[in-house]
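Data block below; observations after.
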Amino acid sequence: MHFLPEKIDRYAVEHSQEEPKILQELSKETWQKVLNPRMLSGAFQGRVLSMISKLVQPKKVLEIGTYTGYSALCLAEGIPKNGTIYTIDKNEELETLQQKYFEKSKYTSQIKQYVGNALDIIPELETTFDLVFIDADKVNYINYFNLIIDKMNSGGIILSDNVLWSGKVVEALDPKDKDTAVLLEYNKLLSEDKRLETILLPIRDGLTISRVK
């Protein structure tokens with residue numbers, strides 16, 4: 001769902017940097033071969049992730065929700081040569097496609113893939129992070145936050161995707177809709193937590209930037 005008029009949205013895309021060729025290829029293959037290709041970050045949001053990463057220049061990045069690897073490659077654009085991205089996804093069927101494009105990229109030695117439940121994997125990661133991107137199952141957003149907040153370096157950035165959830169966050173809540181219920185609680189948590197400075201951007205399906213004090 002786009003929250004800007006279509007013409008304005010298209011104009012913004014046309015006047016933003018074009019995605020690298022490898023990402024164009026990954027996007028095309030995702031749409032051809034993978035179920036629910038709309039889960040892909042896409043060119044515009046990918047450039048936003050790349051820009052944020054380049055501004056932060058994080059040495060340690062955690063991504064929760066790899067999907068086909070598009071956003072991981074965008075985030076990799078901003079890490080230094082000694083930087084590392086830890087990316088987690090529970091769908092083992094996507095691992096081969098992820099590896100294919102990670103290995104085609106110049107960041108292959110800097111990306112560490114994990115397949116499994118992020119709630120189990122994150123506590124085992126013995127490092128702290130400068131940048132975290134949360135883009136997995138919405139019902140666990142608060143659980144993910146609680147696992148990573150004490151692993152964040154001071155000044156670190158937490159990015160949270162899909163926080164507007166196709167506009168459902170401003171509609172009457174369906175009692176059976178657990179995802180929206182959790183996102184409402186999560187958005188409130190980010191805006192009120194004294195450890196954070198937070199801004200919610202209406203980019204695509206909503207992207208929150210939270211800075212750890």
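Identifiers for the structure tokens are assigned positionally: chains receive A, B, ... in sequence, residues are indexed from 1 per chain, and ligands are indexed from 1 in the order shown.
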Per residue of segment 69-96 of chain A within 12 Å of segment 34-39 of chain A, note the shortest atom pair and the distance in Å to one decimal, counting only C-alpha atoms, and order the rows by chain and increasing residue number, as JSON lines.
```
{"residue": "A:Gly69", "atom": "CA", "partner": "A:Met39", "partner_atom": "CA", "distance": 11.2}
{"residue": "A:Tyr70", "atom": "CA", "partner": "A:Met39", "partner_atom": "CA", "distance": 10.3}
{"residue": "A:Ser71", "atom": "CA", "partner": "A:Met39", "partner_atom": "CA", "distance": 10.6}
{"residue": "A:Asn91", "atom": "CA", "partner": "A:Leu35", "partner_atom": "CA", "distance": 11.6}
{"residue": "A:Glu93", "atom": "CA", "partner": "A:Val34", "partner_atom": "CA", "distance": 9.7}
{"residue": "A:Leu94", "atom": "CA", "partner": "A:Val34", "partner_atom": "CA", "distance": 8.4}
{"residue": "A:Glu95", "atom": "CA", "partner": "A:Val34", "partner_atom": "CA", "distance": 11.9}
{"residue": "A:Thr96", "atom": "CA", "partner": "A:Val34", "partner_atom": "CA", "distance": 12.0}
```
Per residue of segment 17-52 of chain A within 10 Å of segment 120-138 of chain A, which atom pair is closest and at what distance in Å (one decimal), using only C-alpha atoms, listed by chain and increasing number, as JSON lines?
```
{"residue": "A:Met39", "atom": "CA", "partner": "A:Asp135", "partner_atom": "CA", "distance": 9.3}
{"residue": "A:Ser41", "atom": "CA", "partner": "A:Asp135", "partner_atom": "CA", "distance": 9.4}
{"residue": "A:Leu49", "atom": "CA", "partner": "A:Phe133", "partner_atom": "CA", "distance": 9.0}
{"residue": "A:Ile52", "atom": "CA", "partner": "A:Leu131", "partner_atom": "CA", "distance": 9.4}
```
Dump as a PDB file, in the first residue's frame, selection limited to C-alpha atoms:
```
ATOM      1  CA  MET A  39       7.464  -9.123   0.687  1.00  0.00           C
ATOM      2  CA  SER A  41      11.808  -4.515   0.034  1.00  0.00           C
ATOM      3  CA  LEU A  49      18.054   1.132   3.604  1.00  0.00           C
ATOM      4  CA  ILE A  52      20.757   4.775   6.159  1.00  0.00           C
TER       5      ILE A  52
END
```
Subject >> Residues within 9 Å of Ser50 of chain A, only C-alpha atoms, excluding chain neighbours under 3 positions, as a list in words >> reply: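 Near Ser50 of chain A, the qualifying residues are Gln45, Gly46, Arg47, Ser53, Lys54, Leu55, Ser71, Leu73, Cys74, Leu75, Ala76, Glu77 and Gly78 of chain A.
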Expected file contents, prior selection, C-alpha atoms, as an mmCIF file, in the first residue's frame:
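The resulting file, again_34.cif, is shown below:
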```
data_model
loop_
_atom_site.group_PDB
_atom_site.id
_atom_site.type_symbol
_atom_site.label_atom_id
_atom_site.label_comp_id
_atom_site.auth_asym_id
_atom_site.auth_seq_id
_atom_site.Cartn_x
_atom_site.Cartn_y
_atom_site.Cartn_z
ATOM 1 C CA GLN A 45 12.911 1.198 0.109
ATOM 2 C CA GLY A 46 16.096 -0.639 -0.740
ATOM 3 C CA ARG A 47 17.761 2.669 -1.576
ATOM 4 C CA SER A 53 23.464 2.120 6.296
ATOM 5 C CA LYS A 54 25.923 4.399 4.496
ATOM 6 C CA LEU A 55 25.160 7.209 6.961
ATOM 7 C CA SER A 71 17.504 -5.976 1.961
ATOM 8 C CA LEU A 73 22.533 -6.628 0.186
ATOM 9 C CA CYS A 74 21.191 -3.082 0.503
ATOM 10 C CA LEU A 75 22.341 -2.842 4.112
ATOM 11 C CA ALA A 76 25.724 -4.323 3.160
ATOM 12 C CA GLU A 77 26.426 -1.283 0.996
ATOM 13 C CA GLY A 78 27.165 0.816 4.080
#
```
Subject >> Long-range neighbours of segment 162-171 of chain A as a PyMOL selection string, 12 Å cut-off, only C-alpha atoms, 3 positions minimum in chain >> reply: chain A and resi 1-3+38-41+45+133-139+141+159+174+177-188+190+199-209
Writer output for current selection, C-alpha atoms, as a PDB file, in the first residue's frame:
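Full text of selection-v2.pdb as output:
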```pdb
ATOM      1  CA  MET A   1       0.000   0.000   0.000  1.00  0.00           C
ATOM      2  CA  HIS A   2       1.294   3.448  -0.943  1.00  0.00           C
ATOM      3  CA  PHE A   3       0.392   6.324   1.350  1.00  0.00           C
ATOM      4  CA  ARG A  38       5.512  -8.405  -2.498  1.00  0.00           C
ATOM      5  CA  MET A  39       7.464  -9.123   0.687  1.00  0.00           C
ATOM      6  CA  LEU A  40      10.544  -7.892  -1.185  1.00  0.00           C
ATOM      7  CA  SER A  41      11.808  -4.515   0.034  1.00  0.00           C
ATOM      8  CA  GLN A  45      12.911   1.198   0.109  1.00  0.00           C
ATOM      9  CA  PHE A 133      16.510  -4.270  10.685  1.00  0.00           C
ATOM     10  CA  ILE A 134      13.338  -6.001  11.910  1.00  0.00           C
ATOM     11  CA  ASP A 135      11.230  -7.329   9.031  1.00  0.00           C
ATOM     12  CA  ALA A 136       9.857 -10.725  10.020  1.00  0.00           C
ATOM     13  CA  ASP A 137       6.627 -12.062  11.544  1.00  0.00           C
ATOM     14  CA  LYS A 138       4.805  -9.083  13.015  1.00  0.00           C
ATOM     15  CA  VAL A 139       3.379 -10.990  15.966  1.00  0.00           C
ATOM     16  CA  TYR A 141       8.096  -7.694  16.862  1.00  0.00           C
ATOM     17  CA  LEU A 159      14.771  -0.072  11.718  1.00  0.00           C
ATOM     18  CA  ASP A 174     -10.411  -6.895  14.329  1.00  0.00           C
ATOM     19  CA  ASP A 177      -6.033  -9.774  13.947  1.00  0.00           C
ATOM     20  CA  LYS A 178      -3.045 -10.518  16.182  1.00  0.00           C
ATOM     21  CA  ASP A 179      -0.498  -8.944  13.830  1.00  0.00           C
ATOM     22  CA  THR A 180      -2.153  -5.532  13.893  1.00  0.00           C
ATOM     23  CA  ALA A 181      -2.710  -5.727  17.653  1.00  0.00           C
ATOM     24  CA  VAL A 182       0.985  -6.377  18.224  1.00  0.00           C
ATOM     25  CA  LEU A 183       2.040  -3.638  15.803  1.00  0.00           C
ATOM     26  CA  LEU A 184      -0.156  -1.116  17.634  1.00  0.00           C
ATOM     27  CA  GLU A 185       1.516  -2.075  20.901  1.00  0.00           C
ATOM     28  CA  TYR A 186       4.944  -2.118  19.271  1.00  0.00           C
ATOM     29  CA  ASN A 187       4.574   1.337  17.717  1.00  0.00           C
ATOM     30  CA  LYS A 188       3.499   2.690  21.098  1.00  0.00           C
ATOM     31  CA  LEU A 190       8.963   2.578  20.330  1.00  0.00           C
ATOM     32  CA  ILE A 199      10.456   8.659  14.048  1.00  0.00           C
ATOM     33  CA  LEU A 200       7.901   6.756  11.968  1.00  0.00           C
ATOM     34  CA  LEU A 201       8.201   7.432   8.249  1.00  0.00           C
ATOM     35  CA  PRO A 202       5.246   6.780   5.889  1.00  0.00           C
ATOM     36  CA  ILE A 203       7.531   5.119   3.331  1.00  0.00           C
ATOM     37  CA  ARG A 204       5.773   2.308   1.501  1.00  0.00           C
ATOM     38  CA  ASP A 205       4.181   0.266   4.330  1.00  0.00           C
ATOM     39  CA  GLY A 206       5.779   2.306   7.090  1.00  0.00           C
ATOM     40  CA  LEU A 207       9.391   2.344   8.314  1.00  0.00           C
ATOM     41  CA  THR A 208      10.361   3.361  11.832  1.00  0.00           C
ATOM     42  CA  ILE A 209      13.841   4.652  12.649  1.00  0.00           C
TER      43      ILE A 209
END
```
Subject >> Close residues, Asn117 of chain A itself excluded, 9 Å, only C-alpha atoms, min 6 positions apart in chain, as a list in words >> reply: Ile88, Asp89 and Lys90 of chain A
Subject >> Computed interatomic separation between atom CA of Glu18 of chain A and atom CA of Ala43 of chain A (Å) >> reply: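 Atom-to-atom, atom CA of Glu18 of chain A and atom CA of Ala43 of chain A are spaced 7.3 Å apart.
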